[in-house]
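**Q** To start, I am sharing the structure in question, which I have written as structure tokens.
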2 protein chains.
Amino acid sequence: MSSATIIAIPGIPDVRPGMALPDLLVRALHAAEIRPSVGDILVVAQKVVSKAEGSVVDLAEVTPRAEAHRLAGETGKDPRLVEVILRESTQVVRVHAEVLITEHRLGFICANAGVDHSNVGLGPDVVCLLPRDPDASARAISAALGAAFETPVAVIINDSHGRPHREGAVGTCIGAAGLEPLVSLVGRPDRYGYTLRTSVEAVADELAAAATLLQGQCDEGTPAVLIRGVPVKEGPGGAAQLLRDPARDLFR
Amino acid sequence: MSSATIIAIPGIPDVRPGMALPDLLVRALHAAEIRPSVGDILVVAQKVVSKAEGSVVDLAEVTPRAEAHRLAGETGKDPRLVEVILRESTQVVRVHAEVLITEHRLGFICANAGVDHSNVGLGPDVVCLLPRDPDASARAISAALGAAFETPVAVIINDSHGRPHREGAVGTCIGAAGLEPLVSLVGRPDRYGYTLRTSVEAVADELAAAATLLQGQCDEGTPAVLIRGVPVKEGPGGAAQLLRDPARDLFR
């Protein structure tokens, strides 16, 4: 009987700027006597990656430009927060009451450029940005795990993103190392011999969503989850593969 | 240490129109000696629900209307298939080379109204539609499990859907019974005492995505998966809760 397991890694301390997250993760796995094996995927919440890497901004030190003041008026947001969101973005995609949706400099479209207040804990005005380069963060964690446990371990950095058309956020892959984020079934026969023509599965996003089920987004303090037993394909990774070419995106 | 398990239910036979899927699932669980317990969620692939319920159409019996011929010309699709897609839809949302995105009569926006050829196996021209009422299908399965195992079991019907902005499909909830599809964290404090203001998690979609990791979309023949150990909230269910009010959908 095939099965997969999602294991919440216990014992990860409160992460503060400057801490070496890859080492913390290795130590937590050792302490919990969880030895990653081939095919395992470690999913790490964006928030601890950003905090460890110092991707935080104190709004007290931010001076909003005119555009930020204008968008703050339209959305009811703090103009300093809007300024930070604009700095993290390449373009504003939608503006509506309380909602600011932008294209993040990493290429994906999300609310508030991933900038938020929750679970930062560094002061009332300190907000968290996404990591500078989440694929690089994933590679660094993967390398540390590989060295410590002498086995390749794929790593995904996940964040909760809203979606067009649907209510609620879901865990989404924003950084990946060591696995193919997309698995194409095009050309493979189904169980009746019909050849699939368009099926491509975003396995990395499904792994990110599965991990979020145990990570929560509130006070759980479970930033890392090991997923075991899911068939994934080894590969270099890279979250950019999950981004639709703007020319082919019918919902821009 | 908290963990969750995703178990692929073995021994489900090739499903044909007219079969009683709830009974088949109960029998397969019995045969595999898997006894559902409180908090378990059974995720069932749309394709077997549709097939059991006879939600299939032989294109040989379909006469396309003029609009179907026109859209077939624009997309390169079989006009009879387009006709079936239009019958399943309340409006056409986007048309592009090879792509027809509609609002399904159940309210969600997806490619080809969920009509497809793969894993049907009832003849070269027979396509599968989504179930007439996937929430009712989920309730029927949940009731059968409840009666057989004397415990409430939540049920999700999942399908692989594409998304705006991102490549690849992910498992998505199209029917639900016995659990709250959305979990709001609004008003709850994070681990540092900051009160969350907007976080709502689409737990049902994350469960659907997690199940898809083991179900696959090709020749796996694993239409049902039991998820154990994920904290979900009991509730009546209903996939409509996951649909964004069109007036609030900035990407229509």
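Simple scheme: letters A, B, ... for chains in structure tokens order, numbers from 1 for residues in each chain, numbers from 1 for ligands in the order shown.
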Using only C-alpha atoms and a distance of at most 6 Å, pull out the residues of chain B that contact chain A, as a PyMOL selection string.

**A** chain B and resi 2-8+119+121+164-170+190-192+200-202+206+209-210+218-219+242-244+249+251

**Q** Do you have the CA of Gly114 in chain B-CA of Cys128 in chain B distance handy?

**A**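 So the two atoms, CA of Gly114 in chain B and CA of Cys128 in chain B, lie 8.1 Å apart.
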
**Q** Residues near Leu24 in chain A, anyone? I mean within 12 Å using only C-alpha atoms, not counting same-chain ones fewer than 2 positions away, as an mmCIF file with N, CA and C atoms, in the first residue's frame.

**A**
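Writing the result to selection_24.cif gives the following:
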```cif
data_model
loop_
_atom_site.group_PDB
_atom_site.id
_atom_site.type_symbol
_atom_site.label_atom_id
_atom_site.label_comp_id
_atom_site.auth_asym_id
_atom_site.auth_seq_id
_atom_site.Cartn_x
_atom_site.Cartn_y
_atom_site.Cartn_z
ATOM 1 N N ILE A 9 8.647 19.169 11.802
ATOM 2 C CA ILE A 9 9.937 19.081 12.504
ATOM 3 C C ILE A 9 9.835 19.874 13.807
ATOM 4 N N PRO A 10 9.996 19.204 14.924
ATOM 5 C CA PRO A 10 9.901 19.932 16.199
ATOM 6 C C PRO A 10 11.232 20.605 16.551
ATOM 7 N N GLY A 11 11.174 21.477 17.526
ATOM 8 C CA GLY A 11 12.401 21.997 18.136
ATOM 9 C C GLY A 11 13.143 23.051 17.354
ATOM 10 N N ILE A 12 12.487 23.703 16.402
ATOM 11 C CA ILE A 12 13.164 24.814 15.719
ATOM 12 C C ILE A 12 12.952 26.061 16.572
ATOM 13 N N PRO A 13 14.024 26.707 16.972
ATOM 14 C CA PRO A 13 13.870 27.846 17.879
ATOM 15 C C PRO A 13 13.280 29.060 17.156
ATOM 16 N N ASP A 14 12.909 30.038 17.923
ATOM 17 C CA ASP A 14 12.473 31.320 17.386
ATOM 18 C C ASP A 14 13.607 31.873 16.510
ATOM 19 N N VAL A 15 13.344 32.077 15.236
ATOM 20 C CA VAL A 15 14.406 32.479 14.305
ATOM 21 C C VAL A 15 14.543 33.996 14.300
ATOM 22 N N ARG A 16 15.767 34.492 14.450
ATOM 23 C CA ARG A 16 16.059 35.928 14.463
ATOM 24 C C ARG A 16 17.059 36.239 13.342
ATOM 25 N N GLY A 18 20.133 36.925 11.210
ATOM 26 C CA GLY A 18 21.530 36.554 11.384
ATOM 27 C C GLY A 18 21.748 35.100 11.755
ATOM 28 N N MET A 19 20.691 34.416 12.142
ATOM 29 C CA MET A 19 20.852 32.996 12.470
ATOM 30 C C MET A 19 21.102 32.192 11.192
ATOM 31 N N ALA A 20 21.855 31.095 11.329
ATOM 32 C CA ALA A 20 22.142 30.240 10.169
ATOM 33 C C ALA A 20 21.051 29.179 10.072
ATOM 34 N N LEU A 21 20.014 29.468 9.285
ATOM 35 C CA LEU A 21 18.855 28.574 9.223
ATOM 36 C C LEU A 21 19.212 27.154 8.767
ATOM 37 N N PRO A 22 20.072 27.000 7.729
ATOM 38 C CA PRO A 22 20.395 25.621 7.329
ATOM 39 C C PRO A 22 20.932 24.797 8.506
ATOM 40 N N VAL A 26 19.306 21.404 10.317
ATOM 41 C CA VAL A 26 20.070 20.155 10.492
ATOM 42 C C VAL A 26 20.042 19.727 11.956
ATOM 43 N N ARG A 27 20.270 20.687 12.860
ATOM 44 C CA ARG A 27 20.274 20.353 14.295
ATOM 45 C C ARG A 27 18.909 19.857 14.760
ATOM 46 N N ALA A 28 17.838 20.513 14.271
ATOM 47 C CA ALA A 28 16.484 20.090 14.685
ATOM 48 C C ALA A 28 16.184 18.669 14.192
ATOM 49 N N LEU A 29 16.620 18.358 12.979
ATOM 50 C CA LEU A 29 16.402 17.001 12.454
ATOM 51 C C LEU A 29 17.176 15.975 13.278
ATOM 52 N N HIS A 30 18.444 16.303 13.579
ATOM 53 C CA HIS A 30 19.256 15.411 14.428
ATOM 54 C C HIS A 30 18.573 15.194 15.773
ATOM 55 N N ALA A 31 18.163 16.304 16.410
ATOM 56 C CA ALA A 31 17.587 16.218 17.759
ATOM 57 C C ALA A 31 16.301 15.389 17.749
ATOM 58 N N VAL A 44 10.102 24.487 3.833
ATOM 59 C CA VAL A 44 10.418 25.487 4.854
ATOM 60 C C VAL A 44 9.592 26.749 4.594
ATOM 61 N N VAL A 48 10.515 32.137 8.134
ATOM 62 C CA VAL A 48 11.778 31.920 8.860
ATOM 63 C C VAL A 48 12.990 32.130 7.962
ATOM 64 N N VAL A 49 12.835 31.837 6.663
ATOM 65 C CA VAL A 49 13.947 32.092 5.742
ATOM 66 C C VAL A 49 14.215 33.595 5.688
ATOM 67 N N ALA A 52 15.735 34.868 9.076
ATOM 68 C CA ALA A 52 17.141 34.474 9.251
ATOM 69 C C ALA A 52 18.044 35.313 8.351
ATOM 70 N N ILE A 141 19.961 25.361 1.922
ATOM 71 C CA ILE A 141 19.429 24.393 2.894
ATOM 72 C C ILE A 141 19.653 22.971 2.385
ATOM 73 N N ALA A 144 23.238 21.959 2.919
ATOM 74 C CA ALA A 144 23.539 21.662 4.328
ATOM 75 C C ALA A 144 22.989 20.289 4.721
ATOM 76 N N LEU A 145 21.781 19.973 4.254
ATOM 77 C CA LEU A 145 21.191 18.663 4.558
ATOM 78 C C LEU A 145 21.986 17.553 3.885
ATOM 79 N N ALA A 148 25.144 16.991 5.850
ATOM 80 C CA ALA A 148 24.936 16.431 7.186
ATOM 81 C C ALA A 148 24.443 14.990 7.138
ATOM 82 N N PRO A 223 7.757 25.796 11.360
ATOM 83 C CA PRO A 223 8.161 26.346 10.068
ATOM 84 C C PRO A 223 8.705 25.323 9.069
ATOM 85 N N ALA A 224 9.017 24.109 9.525
ATOM 86 C CA ALA A 224 9.597 23.147 8.580
ATOM 87 C C ALA A 224 8.913 21.793 8.709
#
```

**Q** Would you list, as a PyMOL selection string, the residues of range 108-222 of chain B that end up in strand (DSSP E or B) under DSSP run on this structure's backbone?

**A** chain B and resi 109-111+116+126-128+154-163+166-177+183-184+189+195+200-201

**Q** Those same residues - C-alpha atoms - I'd like them written as a tab-separated table (two decimals), in the first residue's frame.

**A**
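Writing the result to result.tsv gives the following:
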```tsv
chain	number	residue	atom	x	y	z
B	109	ILE	CA	-13.56	29.02	-13.66
B	110	CYS	CA	-11.52	26.36	-15.40
B	111	ALA	CA	-10.26	25.13	-18.75
B	116	ASP	CA	-11.87	15.60	-20.84
B	126	VAL	CA	-16.63	9.35	-25.00
B	127	VAL	CA	-15.69	12.29	-22.78
B	128	CYS	CA	-16.19	12.75	-19.07
B	154	ALA	CA	-15.08	14.12	5.76
B	155	VAL	CA	-14.96	13.69	1.99
B	156	ILE	CA	-13.46	15.86	-0.74
B	157	ILE	CA	-13.90	15.41	-4.49
B	158	ASN	CA	-10.82	16.71	-6.27
B	159	ASP	CA	-9.85	17.60	-9.80
B	160	SER	CA	-6.68	19.01	-11.33
B	161	HIS	CA	-7.16	22.62	-12.37
B	162	GLY	CA	-4.90	25.10	-14.07
B	163	ARG	CA	-4.44	28.52	-12.50
B	166	ARG	CA	1.12	29.88	-12.85
B	167	GLU	CA	2.17	26.89	-14.92
B	168	GLY	CA	0.86	23.42	-14.23
B	169	ALA	CA	-2.31	22.10	-12.69
B	170	VAL	CA	-2.87	21.39	-9.01
B	171	GLY	CA	-5.45	19.29	-7.19
B	172	THR	CA	-8.45	21.47	-6.32
B	173	CYS	CA	-11.58	20.82	-4.25
B	174	ILE	CA	-14.76	20.71	-6.35
B	175	GLY	CA	-16.95	18.98	-3.77
B	176	ALA	CA	-16.83	18.69	0.01
B	177	ALA	CA	-18.80	17.19	2.88
B	183	VAL	CA	-10.41	28.21	7.94
B	184	SER	CA	-10.27	31.84	9.00
B	189	PRO	CA	-2.96	36.27	17.63
B	195	THR	CA	-3.55	39.96	15.67
B	200	VAL	CA	-8.05	32.71	5.55
B	201	GLU	CA	-6.69	29.33	4.49
```

**Q** As a list in words, list the residues of range 87-186 of chain A assigned to alpha helix (DSSP H) by DSSP on the backbone atoms of this structure.

**A**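 Here is the list: Arg87, Pro134, Asp135, Ala136, Ser137, Ala138, Arg139, Ala140, Ile141, Ser142, Ala143, Ala144, Leu145, Gly146, Ala147, Ala148 and Phe149 of chain A.
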
**Q** By how many Å are CA of Gly237 in chain A and CA of Ala143 in chain A apart?

**A** 13.1 Å

**Q** What does the distance between CA of Leu59 in chain A and CA of Pro17 in chain A come to in Å, to one decimal place?

**A**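 Spanning CA of Leu59 in chain A to CA of Pro17 in chain A is a straight-line distance of 16.5 Å.
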